file my_file_23.pdb (PDB, N, CA and C atoms)
ATOM      1  N   ASP A1045      13.782 -25.582  -9.090
ATOM      2  CA  ASP A1045      13.999 -25.960 -10.472
ATOM      3  C   ASP A1045      12.774 -26.649 -11.073
ATOM      4  N   GLN A1046      12.163 -27.487 -10.284
ATOM      5  CA  GLN A1046      10.981 -28.199 -10.769
ATOM      6  C   GLN A1046       9.845 -27.213 -11.053
ATOM      7  N   TYR A1047       9.676 -26.237 -10.151
ATOM      8  CA  TYR A1047       8.642 -25.219 -10.351
ATOM      9  C   TYR A1047       8.921 -24.435 -11.630
ATOM     10  N   LEU A1048      10.165 -24.013 -11.805
ATOM     11  CA  LEU A1048      10.519 -23.237 -12.994
ATOM     12  C   LEU A1048      10.262 -24.027 -14.269
ATOM     13  N   GLN A1049      10.581 -25.296 -14.240
ATOM     14  CA  GLN A1049      10.316 -26.140 -15.405
ATOM     15  C   GLN A1049       8.814 -26.239 -15.672
ATOM     16  N   SER A1050       8.038 -26.347 -14.599
ATOM     17  CA  SER A1050       6.592 -26.504 -14.774
ATOM     18  C   SER A1050       5.941 -25.268 -15.382
ATOM     19  N   ILE A1051       6.526 -24.093 -15.132
ATOM     20  CA  ILE A1051       5.956 -22.865 -15.713
ATOM     21  C   ILE A1051       6.701 -22.430 -16.965
ATOM     22  N   GLY A1052       7.768 -23.153 -17.308
ATOM     23  CA  GLY A1052       8.502 -22.878 -18.540
ATOM     24  C   GLY A1052       9.304 -21.596 -18.505
ATOM     25  N   LYS A1053       9.857 -21.266 -17.343
ATOM     26  CA  LYS A1053      10.647 -20.044 -17.212
ATOM     27  C   LYS A1053      11.941 -20.331 -16.482
ATOM     28  N   THR A1054      12.911 -19.446 -16.715
ATOM     29  CA  THR A1054      14.174 -19.551 -15.993
ATOM     30  C   THR A1054      14.119 -18.659 -14.758
ATOM     31  N   SER A1055      15.058 -18.878 -13.848
ATOM     32  CA  SER A1055      15.093 -18.033 -12.652
ATOM     33  C   SER A1055      15.352 -16.577 -13.030
ATOM     34  N   GLU A1056      16.128 -16.363 -14.075
ATOM     35  CA  GLU A1056      16.397 -14.992 -14.533
ATOM     36  C   GLU A1056      15.123 -14.333 -15.063
ATOM     37  N   GLN A1057      14.287 -15.068 -15.772
ATOM     38  CA  GLN A1057      13.019 -14.517 -16.260
ATOM     39  C   GLN A1057      12.105 -14.141 -15.100
ATOM     40  N   ILE A1058      12.030 -15.011 -14.101
ATOM     41  CA  ILE A1058      11.206 -14.728 -12.924
ATOM     42  C   ILE A1058      11.727 -13.490 -12.204
ATOM     43  N   ARG A1059      13.044 -13.423 -12.022
ATOM     44  CA  ARG A1059      13.658 -12.270 -11.349
ATOM     45  C   ARG A1059      13.349 -10.984 -12.111
ATOM     46  N   SER A1060      13.452 -11.041 -13.435
ATOM     47  CA  SER A1060      13.174  -9.876 -14.262
ATOM     48  C   SER A1060      11.712  -9.444 -14.140
ATOM     49  N   GLU A1061      10.798 -10.409 -14.129
ATOM     50  CA  GLU A1061       9.371 -10.087 -13.979
ATOM     51  C   GLU A1061       9.089  -9.439 -12.631
ATOM     52  N   TYR A1062       9.677  -9.981 -11.577
ATOM     53  CA  TYR A1062       9.473  -9.409 -10.241
ATOM     54  C   TYR A1062      10.070  -8.011 -10.136
ATOM     55  N   GLN A1063      11.225  -7.817 -10.757
ATOM     56  CA  GLN A1063      11.841  -6.493 -10.728
ATOM     57  C   GLN A1063      10.963  -5.479 -11.444
ATOM     58  N   LYS A1064      10.440  -5.855 -12.596
ATOM     59  CA  LYS A1064       9.567  -4.947 -13.356
ATOM     60  C   LYS A1064       8.315  -4.614 -12.554
ATOM     61  N   GLN A1065       7.742  -5.626 -11.907
ATOM     62  CA  GLN A1065       6.549  -5.411 -11.092
ATOM     63  C   GLN A1065       6.850  -4.476  -9.920
ATOM     64  N   ALA A1066       8.002  -4.658  -9.286
ATOM     65  CA  ALA A1066       8.396  -3.797  -8.163
ATOM     66  C   ALA A1066       8.594  -2.354  -8.633
ATOM     67  N   GLU A1067       9.202  -2.187  -9.795
ATOM     68  CA  GLU A1067       9.409  -0.838 -10.335
ATOM     69  C   GLU A1067       8.077  -0.150 -10.607
ATOM     70  N   GLU A1068       7.121  -0.871 -11.182
ATOM     71  CA  GLU A1068       5.802  -0.306 -11.469
ATOM     72  C   GLU A1068       5.076   0.076 -10.173
ATOM     73  N   THR A1069       5.199  -0.764  -9.171
ATOM     74  CA  THR A1069       4.571  -0.481  -7.877
ATOM     75  C   THR A1069       5.160   0.782  -7.261
ATOM     76  N   LEU A1070       6.483   0.916  -7.305
ATOM     77  CA  LEU A1070       7.127   2.114  -6.756
ATOM     78  C   LEU A1070       6.716   3.364  -7.520
ATOM     79  N   LYS A1071       6.644   3.276  -8.832
ATOM     80  CA  LYS A1071       6.208   4.432  -9.626
ATOM     81  C   LYS A1071       4.807   4.871  -9.205
ATOM     82  N   LEU A1072       3.923   3.902  -9.060
ATOM     83  CA  LEU A1072       2.559   4.211  -8.656
ATOM     84  C   LEU A1072       2.529   4.865  -7.281
ATOM     85  N   GLU A1073       3.324   4.345  -6.350
ATOM     86  CA  GLU A1073       3.390   4.926  -5.003
ATOM     87  C   GLU A1073       3.849   6.385  -5.063
ATOM     88  N   PHE A1074       4.875   6.656  -5.856
ATOM     89  CA  PHE A1074       5.390   8.023  -5.976
ATOM     90  C   PHE A1074       4.358   8.947  -6.629
ATOM     91  N   ILE A1075       3.673   8.449  -7.635
ATOM     92  CA  ILE A1075       2.654   9.264  -8.314
ATOM     93  C   ILE A1075       1.514   9.595  -7.358
ATOM     94  N   LEU A1076       1.018   8.597  -6.635
ATOM     95  CA  LEU A1076      -0.070   8.842  -5.680
ATOM     96  C   LEU A1076       0.374   9.806  -4.581
ATOM     97  N   GLY A1077       1.608   9.652  -4.118
ATOM     98  CA  GLY A1077       2.134  10.573  -3.103
ATOM     99  C   GLY A1077       2.234  11.997  -3.624
ATOM    100  N   ALA A1078       2.687  12.147  -4.859
ATOM    101  CA  ALA A1078       2.807  13.481  -5.456
ATOM    102  C   ALA A1078       1.440  14.129  -5.623
ATOM    103  N   ILE A1079       0.456  13.352  -6.047
ATOM    104  CA  ILE A1079      -0.901  13.889  -6.188
ATOM    105  C   ILE A1079      -1.442  14.298  -4.821
ATOM    106  N   ALA A1080      -1.222  13.460  -3.821
ATOM    107  CA  ALA A1080      -1.697  13.784  -2.469
ATOM    108  C   ALA A1080      -1.055  15.074  -1.977
ATOM    109  N   ASP A1081       0.240  15.246  -2.238
ATOM    110  CA  ASP A1081       0.927  16.478  -1.830
ATOM    111  C   ASP A1081       0.362  17.680  -2.580
ATOM    112  N   GLN A1082       0.199  17.550  -3.886
ATOM    113  CA  GLN A1082      -0.291  18.653  -4.707
ATOM    114  C   GLN A1082      -1.708  19.060  -4.311
ATOM    115  N   GLU A1083      -2.519  18.075  -4.024
ATOM    116  CA  GLU A1083      -3.913  18.341  -3.652
ATOM    117  C   GLU A1083      -4.077  18.613  -2.154
ATOM    118  N   LYS A1084      -2.959  18.569  -1.444
ATOM    119  CA  LYS A1084      -2.954  18.820   0.007
ATOM    120  C   LYS A1084      -3.906  17.874   0.752
ATOM    121  N   ILE A1085      -3.848  16.607   0.390
ATOM    122  CA  ILE A1085      -4.678  15.589   1.025
ATOM    123  C   ILE A1085      -3.993  15.139   2.308
ATOM    124  N   THR A1086      -4.718  15.222   3.393
ATOM    125  CA  THR A1086      -4.184  14.806   4.688
ATOM    126  C   THR A1086      -5.167  13.858   5.365
ATOM    127  N   VAL A1087      -4.655  13.140   6.325
ATOM    128  CA  VAL A1087      -5.475  12.224   7.114
ATOM    129  C   VAL A1087      -5.287  12.617   8.574
ATOM    130  N   ASN A1088      -6.399  12.852   9.264
ATOM    131  CA  ASN A1088      -6.281  13.255  10.664
ATOM    132  C   ASN A1088      -6.290  12.039  11.587
ATOM    133  N   ASP A1089      -5.967  12.286  12.853
ATOM    134  CA  ASP A1089      -5.881  11.207  13.840
ATOM    135  C   ASP A1089      -7.207  10.473  14.005
ATOM    136  N   ALA A1090      -8.312  11.185  13.890
ATOM    137  CA  ALA A1090      -9.627  10.550  14.059
ATOM    138  C   ALA A1090      -9.882   9.518  12.969
ATOM    139  N   GLU A1091      -9.428   9.802  11.745
ATOM    140  CA  GLU A1091      -9.608   8.851  10.654
ATOM    141  C   GLU A1091      -8.784   7.582  10.892
ATOM    142  N   VAL A1092      -7.563   7.763  11.387
ATOM    143  CA  VAL A1092      -6.709   6.613  11.700
ATOM    144  C   VAL A1092      -7.342   5.803  12.822
ATOM    145  N   GLU A1093      -7.810   6.489  13.847
ATOM    146  CA  GLU A1093      -8.428   5.809  14.983
ATOM    147  C   GLU A1093      -9.679   5.035  14.557
ATOM    148  N   LYS A1094     -10.445   5.614  13.675
ATOM    149  CA  LYS A1094     -11.646   4.937  13.175
ATOM    150  C   LYS A1094     -11.278   3.636  12.469
ATOM    151  N   MET A1095     -10.203   3.670  11.707
ATOM    152  CA  MET A1095      -9.762   2.463  11.018
ATOM    153  C   MET A1095      -9.274   1.410  12.021
ATOM    154  N   ILE A1096      -8.572   1.845  13.047
ATOM    155  CA  ILE A1096      -8.106   0.910  14.079
ATOM    156  C   ILE A1096      -9.295   0.268  14.773
ATOM    157  N   GLN A1097     -10.283   1.069  15.091
ATOM    158  CA  GLN A1097     -11.463   0.544  15.792
ATOM    159  C   GLN A1097     -12.271  -0.413  14.925
ATOM    160  N   ALA A1098     -12.104  -0.334  13.629
ATOM    161  CA  ALA A1098     -12.816  -1.233  12.717
ATOM    162  C   ALA A1098     -12.168  -2.618  12.642
ATOM    163  N   ALA A1099     -11.002  -2.771  13.278
ATOM    164  CA  ALA A1099     -10.323  -4.072  13.276
ATOM    165  C   ALA A1099     -11.208  -5.106  13.970
ATOM    166  N   PRO A1100     -11.120  -6.356  13.540
ATOM    167  CA  PRO A1100     -12.066  -7.383  14.014
ATOM    168  C   PRO A1100     -11.919  -7.819  15.463
ATOM    169  N   ASP A1101     -10.731  -7.619  16.051
ATOM    170  CA  ASP A1101     -10.570  -8.083  17.436
ATOM    171  C   ASP A1101      -9.580  -7.209  18.199
ATOM    172  N   GLU A1102      -9.563  -7.386  19.501
ATOM    173  CA  GLU A1102      -8.735  -6.553  20.377
ATOM    174  C   GLU A1102      -7.248  -6.720  20.099
ATOM    175  N   LYS A1103      -6.814  -7.940  19.817
ATOM    176  CA  LYS A1103      -5.390  -8.183  19.546
ATOM    177  C   LYS A1103      -4.947  -7.403  18.310
ATOM    178  N   THR A1104      -5.752  -7.433  17.285
ATOM    179  CA  THR A1104      -5.428  -6.701  16.054
ATOM    180  C   THR A1104      -5.417  -5.206  16.327
ATOM    181  N   ARG A1105      -6.409  -4.720  17.047
ATOM    182  CA  ARG A1105      -6.456  -3.288  17.373
ATOM    183  C   ARG A1105      -5.210  -2.878  18.144
ATOM    184  N   LYS A1106      -4.791  -3.689  19.096
ATOM    185  CA  LYS A1106      -3.599  -3.369  19.892
ATOM    186  C   LYS A1106      -2.360  -3.325  18.998
ATOM    187  N   ASN A1107      -2.261  -4.266  18.060
ATOM    188  CA  ASN A1107      -1.118  -4.282  17.141
ATOM    189  C   ASN A1107      -1.099  -3.052  16.234
ATOM    190  N   LEU A1108      -2.267  -2.534  15.903
ATOM    191  CA  LEU A1108      -2.354  -1.357  15.033
ATOM    192  C   LEU A1108      -2.069  -0.050  15.771
ATOM    193  N   GLU A1109      -1.966  -0.087  17.083
ATOM    194  CA  GLU A1109      -1.739   1.118  17.885
ATOM    195  C   GLU A1109      -0.285   1.586  17.900
ATOM    196  N   THR A1110       0.637   0.808  17.341
ATOM    197  CA  THR A1110       2.039   1.227  17.354
ATOM    198  C   THR A1110       2.235   2.406  16.410
ATOM    199  N   PRO A1111       3.213   3.258  16.684
ATOM    200  CA  PRO A1111       3.467   4.396  15.791
ATOM    201  C   PRO A1111       3.727   3.974  14.337
ATOM    202  N   THR A1112       4.428   2.873  14.151
ATOM    203  CA  THR A1112       4.714   2.399  12.798
ATOM    204  C   THR A1112       3.440   2.000  12.072
ATOM    205  N   GLN A1113       2.579   1.271  12.756
ATOM    206  CA  GLN A1113       1.332   0.844  12.141
ATOM    207  C   GLN A1113       0.403   2.021  11.882
ATOM    208  N   LYS A1114       0.378   2.972  12.798
ATOM    209  CA  LYS A1114      -0.456   4.166  12.584
ATOM    210  C   LYS A1114       0.021   4.944  11.364
ATOM    211  N   ALA A1115       1.342   5.039  11.192
ATOM    212  CA  ALA A1115       1.884   5.732  10.019
ATOM    213  C   ALA A1115       1.507   4.990   8.746
ATOM    214  N   TYR A1116       1.560   3.670   8.799
ATOM    215  CA  TYR A1116       1.163   2.860   7.644
ATOM    216  C   TYR A1116      -0.319   3.083   7.317
ATOM    217  N   LEU A1117      -1.160   3.066   8.345
ATOM    218  CA  LEU A1117      -2.595   3.284   8.129
ATOM    219  C   LEU A1117      -2.861   4.674   7.564
ATOM    220  N   ARG A1118      -2.127   5.660   8.072
ATOM    221  CA  ARG A1118      -2.291   7.039   7.585
ATOM    222  C   ARG A1118      -1.967   7.111   6.085
ATOM    223  N   GLN A1119      -0.887   6.467   5.671
ATOM    224  CA  GLN A1119      -0.519   6.457   4.257
ATOM    225  C   GLN A1119      -1.538   5.692   3.419
ATOM    226  N   LEU A1120      -2.035   4.596   3.960
ATOM    227  CA  LEU A1120      -3.049   3.807   3.271
ATOM    228  C   LEU A1120      -4.325   4.630   3.049
ATOM    229  N   LEU A1121      -4.757   5.317   4.079
ATOM    230  CA  LEU A1121      -5.947   6.160   3.968
ATOM    231  C   LEU A1121      -5.723   7.315   3.000
ATOM    232  N   ARG A1122      -4.530   7.872   3.017
ATOM    233  CA  ARG A1122      -4.201   8.980   2.116
ATOM    234  C   ARG A1122      -4.269   8.515   0.662
ATOM    235  N   LYS A1123      -3.691   7.342   0.383
ATOM    236  CA  LYS A1123      -3.754   6.798  -0.978
ATOM    237  C   LYS A1123      -5.197   6.520  -1.382
ATOM    238  N   ARG A1124      -5.977   6.018  -0.460
ATOM    239  CA  ARG A1124      -7.384   5.734  -0.752
ATOM    240  C   ARG A1124      -8.112   7.026  -1.123
ATOM    241  N   GLN A1125      -7.817   8.114  -0.407
ATOM    242  CA  GLN A1125      -8.460   9.391  -0.717
ATOM    243  C   GLN A1125      -8.058   9.889  -2.108
ATOM    244  N   VAL A1126      -6.783   9.694  -2.466
ATOM    245  CA  VAL A1126      -6.331  10.107  -3.795
ATOM    246  C   VAL A1126      -7.063   9.304  -4.861
ATOM    247  N   ILE A1127      -7.126   7.998  -4.674
ATOM    248  CA  ILE A1127      -7.800   7.137  -5.652
ATOM    249  C   ILE A1127      -9.279   7.489  -5.752
ATOM    250  N   ASP A1128      -9.911   7.774  -4.618
ATOM    251  CA  ASP A1128     -11.310   8.196  -4.640
ATOM    252  C   ASP A1128     -11.486   9.475  -5.455
ATOM    253  N   ARG A1129     -10.599  10.445  -5.257
ATOM    254  CA  ARG A1129     -10.695  11.696  -6.013
ATOM    255  C   ARG A1129     -10.487  11.447  -7.502
ATOM    256  N   LEU A1130      -9.498  10.631  -7.824
ATOM    257  CA  LEU A1130      -9.216  10.348  -9.234
ATOM    258  C   LEU A1130     -10.390   9.636  -9.908
ATOM    259  N   SER A1131     -11.047   8.773  -9.171
ATOM    260  CA  SER A1131     -12.153   8.026  -9.760
ATOM    261  C   SER A1131     -13.364   8.912 -10.039
ATOM    262  N   LYS A1132     -13.420  10.083  -9.411
ATOM    263  CA  LYS A1132     -14.533  11.003  -9.627
ATOM    264  C   LYS A1132     -14.288  11.973 -10.775
ATOM    265  N   LEU A1133     -13.097  11.917 -11.353
ATOM    266  CA  LEU A1133     -12.789  12.837 -12.460
ATOM    267  C   LEU A1133     -13.496  12.434 -13.720
TER     268      LEU A1133
END
call {"tool": "encode", "arguments": {"input": "my_file_23.pdb", "output": "structure tokens"}}
result
Amino acid sequence: DQYLQSIGKTSEQIRSEYQKQAEETLKLEFILGAIADQEKITVNDAEVEKMIQAAPDEKTRKNLETPTQKAYLRQLLRKRQVIDRLSKL
């Protein structure tokens, strides 16, 4: 309550702002995914491995070796490739 008073907003206003931000983020994710699909942008295992090897320490690299983390890295790299292509237009 004290925080809300200090910024001059109600909890409902904050909730509404966060919801709008989440909706915009999801829209962007779907758009980037659709562009990647349309342009047939893929990320191979070597690209994922290169990103894992760029991690600063062994503990981080080991944590990135899980299937879930590799899938996350693959999606991250795919989005980066889409953004790179879009920036060259």
call {"tool": "atom_distance", "arguments": {"input": "my_file_23.pdb", "atom1": "atom C of Arg1129 of chain A", "atom2": "atom CA of Thr1069 of chain A"}}
result
19.2 Å
call {"tool": "residues_near_point", "arguments": {"input": "my_file_23.pdb", "point": "(-3.8, -2.7, 18.0)", "cutoff": "12 Å", "atoms": "only C-alpha atoms", "output": "list in words"}}
result
Val1092, Glu1093, Lys1094, Met1095, Ile1096, Gln1097, Ala1098, Ala1099, Pro1100, Asp1101, Glu1102, Lys1103, Thr1104, Arg1105, Lys1106, Asn1107, Leu1108, Glu1109, Thr1110, Pro1111, Thr1112, Gln1113, Lys1114 and Leu1117 of chain A
call {"tool": "atom_distance", "arguments": {"input": "my_file_23.pdb", "atom1": "atom N of Lys1123 of chain A", "atom2": "atom C of Lys1064 of chain A"}}
result
21.3 Å
call {"tool": "atom_distance", "arguments": {"input": "my_file_23.pdb", "atom1": "atom N of Gln1082 of chain A", "atom2": "atom C of Gln1125 of chain A"}}
result
11.4 Å
call {"tool": "closest_residue", "arguments": {"input": "my_file_23.pdb", "among": "A:Leu1048, A:Val1126, A:Ala1115, A:Ile1058", "to": "Gly1077 of chain A", "atoms": "only N, CA and C atoms"}}
result
A:Val1126
call {"tool": "select_by_dssp", "arguments": {"input": "my_file_23.pdb", "residues": "chain A", "states": "alpha helix (DSSP H)", "output": "ChimeraX atom specification"}}
result
/A:1046-1051,1055-1082,1089-1097,1102-1108,1111-1131
call {"tool": "residues_near_point", "arguments": {"input": "my_file_23.pdb", "point": "(12.6, -17.9, -9.6)", "cutoff": "8 Å", "atoms": "only N, CA and C atoms", "output": "list in words"}}
result
Asp1045, Tyr1047, Leu1048, Lys1053, Thr1054, Ser1055, Glu1056, Gln1057, Ile1058, Arg1059 and Ser1060 of chain A
call {"tool": "build_atoms", "arguments": {"input": "my_file_23.pdb", "residues": "segment 1109-1129 of chain A", "atoms": "N, CA, C and O atoms", "output": "JSON list (two decimals), in the frame of the given file"}}
result
[["chain", "number", "residue", "atom", "x", "y", "z"],
["A", 1109, "GLU", "N", -1.97, -0.09, 17.08],
["A", 1109, "GLU", "CA", -1.74, 1.12, 17.89],
["A", 1109, "GLU", "C", -0.28, 1.59, 17.90],
["A", 1109, "GLU", "O", 0.00, 2.66, 18.40],
["A", 1110, "THR", "N", 0.64, 0.81, 17.34],
["A", 1110, "THR", "CA", 2.04, 1.23, 17.35],
["A", 1110, "THR", "C", 2.24, 2.41, 16.41],
["A", 1110, "THR", "O", 1.50, 2.55, 15.43],
["A", 1111, "PRO", "N", 3.21, 3.26, 16.68],
["A", 1111, "PRO", "CA", 3.47, 4.40, 15.79],
["A", 1111, "PRO", "C", 3.73, 3.97, 14.34],
["A", 1111, "PRO", "O", 3.26, 4.63, 13.40],
["A", 1112, "THR", "N", 4.43, 2.87, 14.15],
["A", 1112, "THR", "CA", 4.71, 2.40, 12.80],
["A", 1112, "THR", "C", 3.44, 2.00, 12.07],
["A", 1112, "THR", "O", 3.24, 2.35, 10.90],
["A", 1113, "GLN", "N", 2.58, 1.27, 12.76],
["A", 1113, "GLN", "CA", 1.33, 0.84, 12.14],
["A", 1113, "GLN", "C", 0.40, 2.02, 11.88],
["A", 1113, "GLN", "O", -0.28, 2.07, 10.86],
["A", 1114, "LYS", "N", 0.38, 2.97, 12.80],
["A", 1114, "LYS", "CA", -0.46, 4.17, 12.58],
["A", 1114, "LYS", "C", 0.02, 4.94, 11.36],
["A", 1114, "LYS", "O", -0.79, 5.45, 10.58],
["A", 1115, "ALA", "N", 1.34, 5.04, 11.19],
["A", 1115, "ALA", "CA", 1.88, 5.73, 10.02],
["A", 1115, "ALA", "C", 1.51, 4.99, 8.75],
["A", 1115, "ALA", "O", 1.14, 5.61, 7.73],
["A", 1116, "TYR", "N", 1.56, 3.67, 8.80],
["A", 1116, "TYR", "CA", 1.16, 2.86, 7.64],
["A", 1116, "TYR", "C", -0.32, 3.08, 7.32],
["A", 1116, "TYR", "O", -0.68, 3.29, 6.16],
["A", 1117, "LEU", "N", -1.16, 3.07, 8.35],
["A", 1117, "LEU", "CA", -2.60, 3.28, 8.13],
["A", 1117, "LEU", "C", -2.86, 4.67, 7.56],
["A", 1117, "LEU", "O", -3.71, 4.85, 6.69],
["A", 1118, "ARG", "N", -2.13, 5.66, 8.07],
["A", 1118, "ARG", "CA", -2.29, 7.04, 7.58],
["A", 1118, "ARG", "C", -1.97, 7.11, 6.08],
["A", 1118, "ARG", "O", -2.70, 7.72, 5.31],
["A", 1119, "GLN", "N", -0.89, 6.47, 5.67],
["A", 1119, "GLN", "CA", -0.52, 6.46, 4.26],
["A", 1119, "GLN", "C", -1.54, 5.69, 3.42],
["A", 1119, "GLN", "O", -1.88, 6.10, 2.31],
["A", 1120, "LEU", "N", -2.04, 4.60, 3.96],
["A", 1120, "LEU", "CA", -3.05, 3.81, 3.27],
["A", 1120, "LEU", "C", -4.32, 4.63, 3.05],
["A", 1120, "LEU", "O", -4.87, 4.66, 1.95],
["A", 1121, "LEU", "N", -4.76, 5.32, 4.08],
["A", 1121, "LEU", "CA", -5.95, 6.16, 3.97],
["A", 1121, "LEU", "C", -5.72, 7.32, 3.00],
["A", 1121, "LEU", "O", -6.62, 7.68, 2.23],
["A", 1122, "ARG", "N", -4.53, 7.87, 3.02],
["A", 1122, "ARG", "CA", -4.20, 8.98, 2.12],
["A", 1122, "ARG", "C", -4.27, 8.52, 0.66],
["A", 1122, "ARG", "O", -4.84, 9.19, -0.20],
["A", 1123, "LYS", "N", -3.69, 7.34, 0.38],
["A", 1123, "LYS", "CA", -3.75, 6.80, -0.98],
["A", 1123, "LYS", "C", -5.20, 6.52, -1.38],
["A", 1123, "LYS", "O", -5.59, 6.78, -2.52],
["A", 1124, "ARG", "N", -5.98, 6.02, -0.46],
["A", 1124, "ARG", "CA", -7.38, 5.73, -0.75],
["A", 1124, "ARG", "C", -8.11, 7.03, -1.12],
["A", 1124, "ARG", "O", -8.93, 7.05, -2.05],
["A", 1125, "GLN", "N", -7.82, 8.11, -0.41],
["A", 1125, "GLN", "CA", -8.46, 9.39, -0.72],
["A", 1125, "GLN", "C", -8.06, 9.89, -2.11],
["A", 1125, "GLN", "O", -8.88, 10.44, -2.84],
["A", 1126, "VAL", "N", -6.78, 9.69, -2.47],
["A", 1126, "VAL", "CA", -6.33, 10.11, -3.80],
["A", 1126, "VAL", "C", -7.06, 9.30, -4.86],
["A", 1126, "VAL", "O", -7.58, 9.86, -5.84],
["A", 1127, "ILE", "N", -7.13, 8.00, -4.67],
["A", 1127, "ILE", "CA", -7.80, 7.14, -5.65],
["A", 1127, "ILE", "C", -9.28, 7.49, -5.75],
["A", 1127, "ILE", "O", -9.83, 7.53, -6.85],
["A", 1128, "ASP", "N", -9.91, 7.77, -4.62],
["A", 1128, "ASP", "CA", -11.31, 8.20, -4.64],
["A", 1128, "ASP", "C", -11.49, 9.48, -5.46],
["A", 1128, "ASP", "O", -12.43, 9.59, -6.25],
["A", 1129, "ARG", "N", -10.60, 10.44, -5.26],
["A", 1129, "ARG", "CA", -10.70, 11.70, -6.01],
["A", 1129, "ARG", "C", -10.49, 11.45, -7.50],
["A", 1129, "ARG", "O", -11.20, 12.02, -8.34]]
